[in-house]
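Student: Structure: model_9.cif, mmCIF, C-alpha atoms.
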```cif
data_query
loop_
_atom_site.label_atom_id
_atom_site.label_comp_id
_atom_site.auth_asym_id
_atom_site.auth_seq_id
_atom_site.Cartn_x
_atom_site.Cartn_y
_atom_site.Cartn_z
CA MET A 2 -17.48 -104.47 -220.32
CA LYS A 3 -20.61 -103.08 -218.73
CA ARG A 4 -23.06 -102.13 -221.48
CA SER A 5 -24.11 -98.50 -221.54
CA ILE A 6 -25.79 -96.05 -223.92
CA SER A 7 -25.62 -92.27 -223.84
CA THR A 8 -28.87 -90.34 -224.21
CA HIS A 9 -26.87 -88.26 -226.71
CA VAL A 10 -28.49 -90.44 -229.39
CA PHE A 11 -31.81 -88.74 -228.53
CA LEU A 12 -30.35 -85.28 -227.98
CA GLN A 13 -32.94 -83.40 -230.03
CA GLN A 14 -35.74 -84.89 -227.98
CA ARG A 15 -36.90 -84.32 -224.44
CA LEU A 16 -35.68 -87.21 -222.32
CA HIS A 17 -38.45 -89.36 -220.89
CA ALA A 18 -39.03 -92.84 -219.51
CA GLY A 19 -39.97 -94.28 -222.92
CA LEU A 20 -36.53 -93.45 -224.31
CA LEU A 21 -34.86 -94.97 -221.25
CA ASP A 22 -36.98 -98.09 -221.82
CA ALA A 23 -35.60 -98.37 -225.37
CA MET A 24 -32.01 -98.20 -224.17
CA PHE A 25 -32.69 -100.71 -221.42
CA ALA A 26 -34.31 -103.06 -223.97
CA ALA A 27 -31.11 -102.93 -226.01
CA GLY A 28 -29.25 -104.45 -223.08
CA ALA A 29 -27.96 -101.30 -221.39
CA GLN A 30 -26.85 -101.95 -217.83
CA SER A 31 -26.11 -98.26 -217.39
CA ILE A 32 -27.30 -95.08 -219.11
CA GLU A 33 -25.26 -91.90 -219.50
CA LEU A 34 -27.46 -88.84 -219.00
CA PHE A 35 -26.25 -86.17 -221.41
CA ALA A 36 -26.74 -82.91 -219.52
CA ALA A 37 -28.29 -80.45 -221.96
CA ARG A 38 -31.21 -78.45 -220.62
CA HIS A 39 -33.45 -78.82 -223.67
CA HIS A 40 -32.92 -82.60 -223.48
CA PHE A 41 -32.34 -83.45 -219.81
CA ASP A 42 -33.18 -80.39 -217.73
CA TYR A 43 -31.19 -81.11 -214.59
CA THR A 44 -32.52 -77.88 -213.02
CA ASP A 45 -36.15 -79.07 -213.20
CA ARG A 46 -36.66 -81.04 -209.99
CA THR A 47 -39.93 -82.55 -211.23
CA GLU A 48 -38.20 -83.91 -214.33
CA VAL A 49 -35.26 -85.21 -212.31
CA LYS A 50 -37.64 -86.86 -209.84
CA GLU A 51 -39.43 -88.69 -212.68
CA LEU A 52 -36.16 -90.00 -214.09
CA ALA A 53 -35.01 -91.01 -210.60
CA LYS A 54 -38.21 -93.04 -210.25
CA TRP A 55 -37.41 -94.88 -213.49
CA PHE A 56 -33.88 -95.77 -212.35
CA ARG A 57 -35.18 -97.02 -209.00
CA SER A 58 -37.68 -99.25 -210.83
CA ASN A 59 -35.17 -100.80 -213.24
CA GLU A 60 -31.93 -102.70 -212.79
CA CYS A 61 -29.96 -100.01 -214.58
CA ARG A 62 -27.30 -97.61 -213.30
CA ALA A 63 -26.78 -93.97 -214.27
CA THR A 64 -23.76 -91.89 -215.20
CA LEU A 65 -23.65 -88.20 -216.14
CA HIS A 66 -22.00 -86.26 -218.94
CA GLN A 67 -21.30 -82.69 -217.91
CA PRO A 68 -23.16 -79.90 -219.72
CA ILE A 69 -21.17 -78.42 -222.60
CA PHE A 70 -23.69 -75.81 -223.79
CA GLU A 71 -25.15 -72.93 -221.80
CA THR A 72 -28.22 -72.55 -224.00
CA ARG A 73 -31.52 -74.40 -223.62
CA ALA A 74 -32.19 -74.13 -227.35
CA SER A 75 -32.40 -77.29 -229.44
CA ASP A 76 -31.50 -75.70 -232.77
CA TRP A 77 -27.75 -76.08 -232.43
CA SER A 78 -25.85 -78.93 -234.07
CA ARG A 79 -23.05 -81.08 -232.69
CA HIS A 80 -20.65 -79.16 -234.94
CA VAL A 81 -21.21 -75.95 -232.94
CA PRO A 82 -18.29 -75.38 -230.53
CA ALA A 83 -19.02 -76.00 -226.86
CA THR A 84 -19.79 -72.88 -224.85
CA ILE A 85 -18.88 -74.25 -221.41
CA ASN A 86 -15.14 -74.44 -220.80
CA LEU A 87 -13.84 -75.31 -217.34
CA ILE A 88 -10.36 -74.00 -218.24
CA ASP A 89 -11.38 -70.84 -220.13
CA VAL A 90 -8.80 -68.02 -220.10
CA GLU A 91 -11.42 -65.70 -218.60
CA LYS A 92 -12.00 -66.30 -214.90
CA SER A 93 -15.66 -65.24 -215.05
CA ARG A 94 -16.36 -67.83 -217.75
CA ARG A 95 -14.55 -70.52 -215.74
CA ILE A 96 -16.72 -69.70 -212.74
CA ASP A 97 -19.89 -69.81 -214.87
CA ALA A 98 -18.83 -73.17 -216.32
CA MET A 99 -18.11 -74.59 -212.87
CA ASP A 100 -21.49 -73.40 -211.57
CA GLU A 101 -23.30 -75.06 -214.48
CA VAL A 102 -21.53 -78.38 -213.94
CA LYS A 103 -22.44 -78.22 -210.25
CA ARG A 104 -26.09 -77.61 -211.15
CA ALA A 105 -26.03 -80.78 -213.23
CA LEU A 106 -24.37 -82.71 -210.41
CA GLU A 107 -27.16 -81.74 -208.04
CA ALA A 108 -29.32 -84.27 -209.93
CA ALA A 109 -27.37 -86.87 -207.94
CA GLU A 110 -29.39 -85.83 -204.89
CA MET A 111 -32.29 -87.78 -206.44
CA ILE A 112 -30.73 -90.01 -209.14
CA ASP A 113 -28.10 -92.49 -207.97
CA ILE A 114 -25.33 -91.38 -210.37
CA ASP A 115 -22.11 -93.40 -210.41
CA SER A 116 -19.80 -90.94 -212.18
CA ILE A 117 -19.52 -87.70 -214.11
CA VAL A 118 -17.49 -87.26 -217.31
CA LEU A 119 -15.67 -83.93 -217.56
CA HIS A 120 -14.43 -81.97 -220.60
CA LEU A 121 -11.23 -79.96 -220.17
CA GLY A 122 -10.77 -77.27 -222.79
CA SER A 123 -11.99 -76.47 -226.26
CA ALA A 124 -10.65 -77.71 -229.59
CA ASN A 125 -8.16 -74.83 -229.74
CA ASP A 126 -6.72 -75.14 -226.21
CA THR A 127 -3.09 -76.27 -226.08
CA TRP A 128 -1.00 -77.93 -223.40
CA SER A 129 0.89 -75.40 -221.30
CA GLU A 130 1.71 -74.52 -217.69
CA ARG A 131 -1.47 -72.43 -217.62
CA THR A 132 -3.80 -75.12 -218.95
CA LEU A 133 -2.18 -77.68 -216.65
CA ASP A 134 -2.82 -75.49 -213.60
CA LEU A 135 -6.36 -74.65 -214.68
CA SER A 136 -7.11 -78.31 -215.39
CA MET A 137 -5.88 -79.45 -211.98
CA THR A 138 -7.89 -76.72 -210.25
CA ALA A 139 -11.07 -77.57 -212.18
CA VAL A 140 -10.85 -81.30 -211.56
CA GLU A 141 -10.04 -80.87 -207.86
CA HIS A 142 -13.00 -78.50 -207.46
CA ILE A 143 -15.49 -80.80 -209.20
CA LYS A 144 -14.17 -83.83 -207.34
CA ALA A 145 -14.69 -82.06 -204.00
CA PHE A 146 -18.29 -81.24 -204.96
CA ALA A 147 -19.08 -84.66 -206.47
CA HIS A 148 -17.59 -86.89 -203.77
CA PRO A 149 -20.18 -86.18 -201.02
CA LEU A 150 -22.89 -86.99 -203.58
CA GLY A 151 -21.31 -90.40 -204.18
CA VAL A 152 -20.27 -89.47 -207.72
CA LYS A 153 -16.85 -90.44 -209.08
CA THR A 154 -14.99 -88.03 -211.36
CA LEU A 155 -13.73 -89.04 -214.82
CA VAL A 156 -11.86 -86.88 -217.34
CA GLU A 157 -12.45 -87.50 -221.05
CA THR A 158 -9.92 -87.71 -223.87
CA LEU A 159 -11.06 -84.96 -226.23
CA HIS A 160 -9.87 -83.84 -229.64
CA ASN A 161 -7.47 -81.26 -228.21
CA ASP A 162 -3.90 -81.02 -227.00
CA VAL A 163 -4.85 -80.67 -223.34
CA THR A 164 -6.47 -84.08 -223.07
CA THR A 165 -4.24 -86.38 -225.08
CA PRO A 166 -3.70 -89.64 -223.17
CA GLU A 167 -0.14 -88.54 -222.32
CA HIS A 168 -1.18 -85.13 -221.00
CA LEU A 169 -4.15 -86.47 -219.04
CA ILE A 170 -2.10 -89.11 -217.25
CA ASN A 171 0.59 -86.53 -216.46
CA MET A 172 -1.99 -84.11 -215.05
CA LEU A 173 -3.51 -86.77 -212.81
CA ARG A 174 -0.10 -87.82 -211.52
CA ILE A 175 1.24 -84.31 -210.94
CA ALA A 176 -1.91 -83.31 -209.03
CA HIS A 177 -1.96 -86.61 -207.10
CA LEU A 178 -5.56 -87.14 -208.21
CA ASP A 179 -5.44 -90.82 -207.36
CA THR A 180 -9.22 -91.27 -207.20
CA VAL A 181 -9.90 -89.45 -210.48
CA ASN A 182 -9.88 -91.67 -213.55
CA VAL A 183 -10.41 -91.47 -217.31
CA CYS A 184 -13.17 -91.83 -219.86
CA LEU A 185 -11.38 -92.99 -222.99
CA ASP A 186 -13.24 -91.71 -226.03
CA ILE A 187 -12.46 -94.20 -228.78
CA GLY A 188 -13.67 -91.94 -231.59
CA HIS A 189 -11.52 -89.03 -230.43
CA VAL A 190 -8.27 -91.01 -230.23
CA ASN A 191 -8.94 -92.32 -233.76
CA LEU A 192 -8.79 -88.78 -235.15
CA HIS A 193 -5.71 -87.59 -237.01
CA GLY A 194 -2.88 -86.68 -234.66
CA MET A 195 -4.42 -88.19 -231.50
CA GLY A 196 -2.20 -91.27 -231.26
CA GLY A 197 -4.63 -94.07 -232.01
CA VAL A 198 -6.45 -96.71 -229.99
CA GLU A 199 -3.54 -98.97 -229.04
CA ASN A 200 -1.46 -96.05 -227.77
CA ALA A 201 -4.36 -94.76 -225.66
CA PHE A 202 -4.83 -98.11 -223.91
CA ALA A 203 -1.08 -98.44 -223.37
CA VAL A 204 -0.71 -94.96 -221.86
CA LEU A 205 -3.88 -94.80 -219.75
CA GLY A 206 -4.04 -98.44 -218.69
CA ASP A 207 -6.09 -99.10 -215.58
CA ARG A 208 -7.04 -95.43 -215.17
CA ILE A 209 -9.67 -96.19 -217.84
CA ARG A 210 -13.03 -96.68 -216.14
CA GLN A 211 -15.39 -95.69 -218.95
CA LEU A 212 -15.29 -95.79 -222.73
CA HIS A 213 -17.16 -93.62 -225.21
CA LEU A 214 -17.73 -95.94 -228.14
CA HIS A 215 -18.31 -94.43 -231.57
CA ASP A 216 -16.66 -94.45 -234.99
CA ASN A 217 -15.33 -92.05 -237.62
CA HIS A 218 -13.04 -91.97 -240.65
CA GLY A 219 -10.11 -90.33 -238.89
CA GLU A 220 -10.81 -86.76 -239.99
CA LYS A 221 -14.06 -85.58 -238.35
CA ASP A 222 -15.73 -86.38 -235.04
CA GLU A 223 -18.69 -88.11 -236.69
CA HIS A 224 -20.04 -90.21 -233.79
CA LEU A 225 -20.99 -93.07 -236.10
CA TRP A 226 -22.10 -96.50 -234.93
CA PRO A 227 -19.10 -98.79 -234.28
CA GLY A 228 -18.19 -100.57 -237.52
CA GLU A 229 -19.18 -97.68 -239.81
CA GLY A 230 -15.77 -95.99 -239.83
CA THR A 231 -12.07 -96.80 -239.56
CA VAL A 232 -11.67 -97.54 -235.83
CA ASP A 233 -9.84 -100.82 -235.23
CA TRP A 234 -12.45 -102.48 -233.05
CA ASP A 235 -10.35 -105.61 -232.58
CA ALA A 236 -7.72 -103.38 -230.97
CA VAL A 237 -10.47 -101.96 -228.74
CA ARG A 238 -11.53 -105.47 -227.70
CA LYS A 239 -7.92 -106.38 -226.89
CA GLY A 240 -7.50 -103.18 -224.91
CA ILE A 241 -10.64 -103.83 -222.88
CA ALA A 242 -9.60 -107.44 -222.22
CA GLY A 243 -6.32 -106.20 -220.75
CA LEU A 244 -7.86 -103.84 -218.21
CA LYS A 245 -7.83 -104.68 -214.52
CA HIS A 246 -11.16 -102.97 -213.85
CA GLU A 247 -14.25 -103.71 -215.94
CA PRO A 248 -15.08 -100.46 -217.75
CA VAL A 249 -18.45 -99.00 -218.60
CA GLY A 250 -18.69 -99.11 -222.41
CA THR A 251 -20.99 -96.29 -223.51
CA LEU A 252 -22.33 -95.99 -227.04
CA GLU A 253 -22.18 -92.23 -227.75
CA ILE A 254 -23.87 -91.99 -231.12
CA ALA A 255 -24.78 -88.91 -233.18
CA TYR A 256 -28.38 -87.90 -232.76
CA GLU A 257 -30.80 -87.76 -235.67
CA PRO A 258 -33.93 -85.58 -235.57
CA GLU A 259 -36.77 -87.59 -234.05
CA ILE A 260 -34.94 -90.89 -234.28
CA ASP A 261 -37.28 -93.78 -233.50
CA ALA A 262 -36.57 -95.60 -230.27
CA LYS A 263 -37.20 -99.11 -231.59
CA PRO A 264 -34.65 -99.05 -234.48
CA MET A 265 -32.09 -97.49 -232.13
CA SER A 266 -32.65 -100.26 -229.62
CA SER A 267 -32.19 -102.99 -232.25
CA LYS A 268 -29.04 -101.38 -233.65
CA ALA A 269 -27.52 -100.94 -230.20
CA ALA A 270 -28.12 -104.60 -229.34
CA GLU A 271 -26.37 -105.65 -232.57
CA VAL A 272 -23.39 -103.39 -231.85
CA PHE A 273 -23.02 -104.65 -228.28
CA ALA A 274 -22.92 -108.22 -229.62
CA MET A 275 -20.21 -107.22 -232.13
CA LEU A 276 -18.12 -105.48 -229.47
CA GLU A 277 -18.30 -108.49 -227.18
CA GLU A 278 -16.94 -110.92 -229.78
CA PRO A 279 -13.56 -112.43 -228.78
CA ALA A 280 -10.55 -110.38 -229.88
CA ARG A 281 -8.70 -111.92 -232.81
#
```
Go through the file and emit its structure as structure tokens.

Tutor:
Amino acid sequence: MKRSISTHVFLQQRLHAGLLDAMFAAGAQSIELFAARHHFDYTDRTEVKELAKWFRSNECRATLHQPIFETRASDWSRHVPATINLIDVEKSRRIDAMDEVKRALEAAEMIDIDSIVLHLGSANDTWSERTLDLSMTAVEHIKAFAHPLGVKTLVETLHNDVTTPEHLINMLRIAHLDTVNVCLDIGHVNLHGMGGVENAFAVLGDRIRQLHLHDNHGEKDEHLWPGEGTVDWDAVRKGIAGLKHEPVGTLEIAYEPEIDAKPMSSKAAEVFAMLEEPAR
């Protein structure tokens, strides 16, 4: 597994080189840039240029998490529903969502970004002919925009009916999206009704190219550090060991106001060591 940390852990803060340094010091070989304008303003070319300079100066890759909020404000919490929905029932909102994701992808003109993680639907969206069609259209559109930038497209398993492992793999097969793969969110598949970790690895198999690693107690999407909830991390280790392609394993941890970089770095290093222990 390639070690990675999402800047989500610093989401209430403006992203800068010092925070990237802390993640790199924890052993991160890749960093997921969480696209939220108050945190990482992908529309500010000066800011993007500074981050691009950091990545060029360090042996660390970059990935991108699509924006999920339209607002620049930093006073929302992670429990507020996402406002960007690529498969919204309203065409105008789908177009707005697509435009915002494209704006974030334009950062790849300066930062060498390996992949983008996409969200399909909100918590209340259900699997249907309509959501299948809208999902295929959205993914095909983003893929066409991302490919010339050298960015691979990944679709995340969310806590909704549209993106269960079974529905995601069916969507990719029906649409013949052979070069689009999956970001398996371990915390999400541990939630009630989502099928569990072992099932997710069995269904998605080698379409898994990235993991979002966080924990919970099976009821709420808490984004705890691995080991603080009920996720079966030995099952995760076994699943990773069985993959044909080495995945990027991204710690996607809940942010805390003004979290200190040094304690985060130490904790992340400890968690990486735990995750890399041999499966029992």

Student: Compare A:Lys263, A:His177, A:Lys268, A:Arg57 by their minimum atom-to-atom distance to Gly19 in chain A, counting all atoms listed in the file, and give me the closest one.

Tutor: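 Between A:Lys263, A:His177, A:Lys268, A:Arg57, the residue approaching Gly19 in chain A most closely is A:Lys263.
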
Student: Enter the distance from CA of Gln30 in chain A to CA of Arg62 in chain A, in Å, rounded to one decimal.

Tutor: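 Computing the Euclidean distance for CA of Gln30 in chain A and CA of Arg62 in chain A yields 6.3 Å.
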
Student: I want to know what sits within 7 Å of range 192-208 of chain A, based on all atoms listed in the file, with residues of the same chain fewer than 6 positions away left out; could you give that as a PyMOL selection string?

Tutor: chain A and resi 165-167+170+182-183+219-221+236-237+240+244-246

Student: Each residue of range 207-241 of chain A with at least one atom at most 12 Å from range 33-56 of chain A should appear once, together with its nearest atom pair and the corresponding distance in Å (one decimal); atoms considered: all atoms listed in the file; ordering: chain, then increasing residue number; output as a Markdown table.

Tutor:
```
| residue | atom | partner | partner_atom | distance |
| --- | --- | --- | --- | --- |
| A:Gln211 | CA | A:Glu33 | CA | 10.6 |
| A:Leu212 | CA | A:Glu33 | CA | 11.2 |
| A:His213 | CA | A:Glu33 | CA | 10.1 |
```

Student: For those residues, write C-alpha atoms to a file as a tab-separated table (two decimals), in the coordinates of the input.

Tutor:
```tsv
chain	number	residue	atom	x	y	z
A	211	GLN	CA	-15.39	-95.69	-218.95
A	212	LEU	CA	-15.29	-95.79	-222.73
A	213	HIS	CA	-17.16	-93.62	-225.21
```

Student: Using all atoms listed in the file, what residues lie at most 9 Å away from (-22.1, -86.9, -214.8) (file coordinates), given as a CSV table (one decimal) with C-alpha atoms, in the coordinates of the input?

Tutor:
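And here is the file that came out, selection.csv:
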```csv
chain,number,residue,atom,x,y,z
A,33,GLU,CA,-25.3,-91.9,-219.5
A,34,LEU,CA,-27.5,-88.8,-219.0
A,35,PHE,CA,-26.2,-86.2,-221.4
A,36,ALA,CA,-26.7,-82.9,-219.5
A,63,ALA,CA,-26.8,-94.0,-214.3
A,64,THR,CA,-23.8,-91.9,-215.2
A,65,LEU,CA,-23.6,-88.2,-216.1
A,66,HIS,CA,-22.0,-86.3,-218.9
A,67,GLN,CA,-21.3,-82.7,-217.9
A,68,PRO,CA,-23.2,-79.9,-219.7
A,102,VAL,CA,-21.5,-78.4,-213.9
A,105,ALA,CA,-26.0,-80.8,-213.2
A,106,LEU,CA,-24.4,-82.7,-210.4
A,109,ALA,CA,-27.4,-86.9,-207.9
A,114,ILE,CA,-25.3,-91.4,-210.4
A,115,ASP,CA,-22.1,-93.4,-210.4
A,116,SER,CA,-19.8,-90.9,-212.2
A,117,ILE,CA,-19.5,-87.7,-214.1
A,118,VAL,CA,-17.5,-87.3,-217.3
A,119,LEU,CA,-15.7,-83.9,-217.6
A,152,VAL,CA,-20.3,-89.5,-207.7
A,153,LYS,CA,-16.8,-90.4,-209.1
A,154,THR,CA,-15.0,-88.0,-211.4
A,155,LEU,CA,-13.7,-89.0,-214.8
```

Student: Tell me which of A:Glu157, A:Glu91, A:Asp162, A:Glu247 sits closest to Asn125 in chain A, counting all atoms listed in the file.

Tutor: A:Asp162

Student: What gap, in Å, lies between CA of Leu121 in chain A and CA of Val272 in chain A?

Tutor: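 Going from CA of Leu121 in chain A over to CA of Val272 in chain A, I get 28.9 Å.
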
Student: Find the residue from A:Ala176, A:Met265, A:Ala274, A:Ile209 that sits nearest to Glu141 in chain A; use all atoms listed in the file when measuring.

Tutor: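 Going through A:Ala176, A:Met265, A:Ala274, A:Ile209 one by one, the smallest distance to Glu141 in chain A is for A:Ala176.
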
Student: Which is closer to Lys144 in chain A than all the others in A:Ser31, A:Thr251, A:Thr180, A:Thr132, using only C-alpha atoms?

Tutor: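 Selected residue with least distance to Lys144 in chain A: A:Thr180.
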
Student: Considering all atoms listed in the file, state which residue in the set A:Pro279, A:Gly188, A:Pro149, A:Gly122 is at the smallest distance from Gly228 in chain A.

Tutor: A:Gly188

Student: Please write the residues picked by the PyMOL selection byres ((chain A and resi 234) around 12) on this file as JSON, numbers by chain.

Tutor: {"A": [187, 188, 191, 197, 198, 199, 214, 215, 216, 217, 226, 227, 228, 229, 230, 231, 232, 233, 235, 236, 237, 238, 239, 240, 241, 272, 273, 275, 276, 277, 278, 279, 280, 281]}

Student: Starting from the displayed file, determine the output of the PyMOL selection byres ((chain A and resi 134) around 12) and express the residue list as a ChimeraX atom specification.

Tutor: /A:87-90,121,128-133,135-141,163,171-173,175-176

Student: Using CA of Leu20 in chain A and CA of Leu252 in chain A as the two end points, give the distance in Å to one decimal.

Tutor: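 Answer for the CA of Leu20 in chain A to CA of Leu252 in chain A separation: 14.7 Å.
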
Student: Considering all atoms listed in the file, state which residue in the set A:His189, A:Arg104, A:Arg174, A:His120 is at the smallest distance from Phe146 in chain A.

Tutor: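 Looking at the shortest contact to Phe146 in chain A, the residue is A:Arg104.
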
Student: Using only C-alpha atoms, which protein or nucleic acid residues come within 8 Å of Ser266 in chain A? Drop anything in the same chain fewer than 2 positions from it, and give the result as a list in words.

Tutor: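 Near Ser266 in chain A, the qualifying residues are Ala23, Met24, Ala26, Ala27, Ala262, Lys263, Pro264, Lys268, Ala269 and Ala270 of chain A.
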
Student: Here's the selection I'm unsure about, the PyMOL selection byres ((chain A and resi 2) around 6); applied to the file above, which residues does it give, as a ChimeraX atom specification?

Tutor: /A:3,247-250

Student: Would you output that residue set with C-alpha atoms, as a PDB file, in the frame of the given file?

Tutor:
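Dumped to out_21.pdb:
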```
ATOM      1  CA  LYS A   3     -20.610-103.080-218.730  1.00  0.00           C
ATOM      2  CA  GLU A 247     -14.250-103.710-215.940  1.00  0.00           C
ATOM      3  CA  PRO A 248     -15.080-100.460-217.750  1.00  0.00           C
ATOM      4  CA  VAL A 249     -18.450 -99.000-218.600  1.00  0.00           C
ATOM      5  CA  GLY A 250     -18.690 -99.110-222.410  1.00  0.00           C
TER       6      GLY A 250
END
```
